[in-house]
Amino acid sequence: MQVLNFGSLNIDHVYTVSHFVAPGETLASSGYQVNAGGKGLNQSVALSRAGVRTLHAGMIGKDGLFLKETLEAAGVNTDHVMIGEHPTGHAMIQVEKSSGQNAILLYPGANVEIKASDMRRILHSMPQGSWLLLQNEINAVPFLIEEGKACGLKIAVNPAPCTEAVRTWPLHLCDLILVNEIEAAQLTDMPADGDFRRMAEAMAERCPDSEVVITLGSRGALCRSGKEEIMVPARPVKVADTTSAGDTFTGYFLAAKLRGMDTETAMRCAVFASSITVSRPGAAGSIPSADEVFRNPDFFNQEKGKYHA
Ligand code: ATP
Ligand code: RIB
């Protein structure tokens, strides 16, 4: 089983700060790093590290060649990473030193310059029954969902960052939808601090053929499939940087399902993997390897041959 991830590739400029900069304020950061990132790239790295054959499609500029190399080093096929005339997308990420929380400013750049003809060509090159994974950092995602469906692909979507436009996406065509609590609230017209179970129920009503996962940060994650609900609490860890927690969850959840695990085990796997990600700094670089998850005695009991955590 293979996954085509049509998604963003960003150069992440990461600043360590005492607090997020306020309007009118000038703040000196205590650390600065340039990392490979983008929700697309991070999710491809997670999928591949979790042991699934992954092809990444997307667009960078000539300034972003190291992103392609990062994907290749993680074992991702980059035949469909195109190099265009526009500068590579980038993110300015403030990471608050005390909490590990982040605030992100995006410049989409080349990520939103992908031609429909290239999208069609790449989708049609995939065997029927393969998975297509999408986020909301490239152009024409609704087109990719519809065309992917017409090509016989199974579709997983993480509509992040969530914008007004996502409300009009054909989400009912997707087999798997993964959102965080804020995105779920936006898509269901509920308050962000509302009942996440009702949000999941509302999303499942709107998309009856989809499995819906809502990630809840330090509280874990909830999966709703039809009327069935599975809640898995987060694994408590000391948080260094939450960047790409959601991306790790998405990659590991999909990978675990494709590796034949049931939904509850896949949820536990994704919760476990993302707890490792938040415990260390960075985006793609903080995503654990398959061995760190599947061979970790906290997750897999070697003697009993059972997954727990
Ligand atoms: P991000 O945008 O920072 O990548 P997100 O908002 O998409 O993340 P979250 O719901 O914050 O997604 O986190 C995804 C998963 O990561 C959670 O479901 C949880 O399993 C894990 N996680 C997040 N924060 C923590 C934490 N503080 N401690 C342990 N696990 C965490
Ligand atoms: O989800 C984390 C990612 O969001 C970062 O790597 C940044 O590039 C933004 O796209």
# chains A, B, ... in the order shown; residues from 1 in each chain; ligands from 1
>>> residues_near_ligand(ligand="ligand 2", cutoff="7 Å", atoms="only C-alpha atoms and all ligand atoms", output="compact mmCIF listing (two decimals) with N, CA, C and O atoms, in the first residue's frame")
# COMPACT_ATOMS: atom_id res chain seq x y z
N ASN A 10 7.96 23.73 3.34
CA ASN A 10 8.32 25.07 3.84
C ASN A 10 9.72 25.09 4.44
O ASN A 10 10.17 24.09 5.03
N ILE A 11 10.35 26.26 4.32
CA ILE A 11 11.56 26.52 5.10
C ILE A 11 11.07 27.15 6.41
O ILE A 11 10.42 28.20 6.38
N ASP A 12 11.31 26.49 7.53
CA ASP A 12 10.86 27.01 8.83
C ASP A 12 11.97 27.84 9.47
O ASP A 12 13.08 27.35 9.71
N ALA A 36 13.69 22.16 8.05
CA ALA A 36 12.73 21.69 7.03
C ALA A 36 11.36 21.57 7.69
O ALA A 36 11.25 21.09 8.81
N GLY A 37 10.33 22.04 6.99
CA GLY A 37 8.98 21.95 7.56
C GLY A 37 7.91 22.03 6.49
O GLY A 37 8.16 21.75 5.31
N GLY A 38 6.74 22.46 6.90
CA GLY A 38 5.56 22.43 6.04
C GLY A 38 4.73 21.23 6.45
O GLY A 38 5.29 20.15 6.69
N LYS A 39 3.41 21.43 6.55
CA LYS A 39 2.58 20.30 7.00
C LYS A 39 2.72 19.11 6.05
O LYS A 39 2.74 17.96 6.48
N ASN A 42 6.23 17.43 6.60
CA ASN A 42 6.27 16.76 7.91
C ASN A 42 5.45 15.46 7.88
O ASN A 42 5.87 14.43 8.43
N HIS A 90 7.64 29.63 3.13
CA HIS A 90 8.36 29.60 4.41
C HIS A 90 7.44 29.94 5.58
O HIS A 90 6.33 30.44 5.38
N ALA A 91 7.90 29.60 6.75
CA ALA A 91 7.13 29.89 7.98
C ALA A 91 8.06 30.58 8.97
O ALA A 91 9.23 30.22 9.08
N ILE A 104 2.62 30.73 14.39
CA ILE A 104 3.23 30.55 13.06
C ILE A 104 2.68 31.56 12.05
O ILE A 104 1.47 31.73 11.94
N LEU A 106 2.80 32.21 7.97
CA LEU A 106 3.15 31.48 6.74
C LEU A 106 3.29 32.39 5.53
O LEU A 106 2.49 33.31 5.37
N THR A 243 5.53 21.99 17.72
CA THR A 243 5.46 22.05 16.24
C THR A 243 5.49 20.65 15.63
O THR A 243 6.34 19.84 15.98
N SER A 244 4.54 20.41 14.73
CA SER A 244 4.37 19.16 13.98
C SER A 244 3.82 17.99 14.81
O SER A 244 3.86 16.84 14.36
N GLY A 246 0.60 17.61 15.32
CA GLY A 246 -0.54 17.18 14.50
C GLY A 246 -0.07 16.42 13.26
O GLY A 246 -0.72 15.46 12.83
N ASP A 247 1.04 16.84 12.67
CA ASP A 247 1.56 16.17 11.47
C ASP A 247 2.02 14.75 11.80
O ASP A 247 1.80 13.81 11.03
N ALA A 283 10.56 20.58 13.63
CA ALA A 283 9.36 20.11 12.92
C ALA A 283 9.64 18.70 12.41
O ALA A 283 9.58 17.72 13.18
N ALA A 284 10.02 18.56 11.14
CA ALA A 284 10.29 17.23 10.57
C ALA A 284 11.35 16.48 11.39
O ALA A 284 11.24 15.27 11.61
>>> residues_around(residues="Asn139 in chain A", least_positions_apart="4", cutoff="9 Å", atoms="only C-alpha atoms", output="PyMOL selection string")
chain A and resi 111-115
>>> residues_around(residues="Gln186 in chain A", least_positions_apart="3", cutoff="9 Å", atoms="only C-alpha atoms", output="list in words")
Cys162, Thr163, Glu164, Arg167, Glu181, Ile182, Glu183, Asp189, Met190, Pro191 and Ala192 of chain A
>>> residues_near_ligand(ligand="ligand 1", cutoff="7 Å", atoms="only C-alpha atoms and all ligand atoms", output="count of residues only")
28
>>> select_by_dssp(residues="range 63-285 of chain A", states="alpha helix (DSSP H)", output="ChimeraX atom specification")
/A:65-73,116-124,141-150,181-188,196-206,245-258,263-278
>>> residues_around(residues="Ser125 in chain A", least_positions_apart="3", cutoff="12 Å", atoms="only C-alpha atoms", output="ChimeraX atom specification")
/A:4,55,57,79-80,118-122,128,130,132,148,151-153
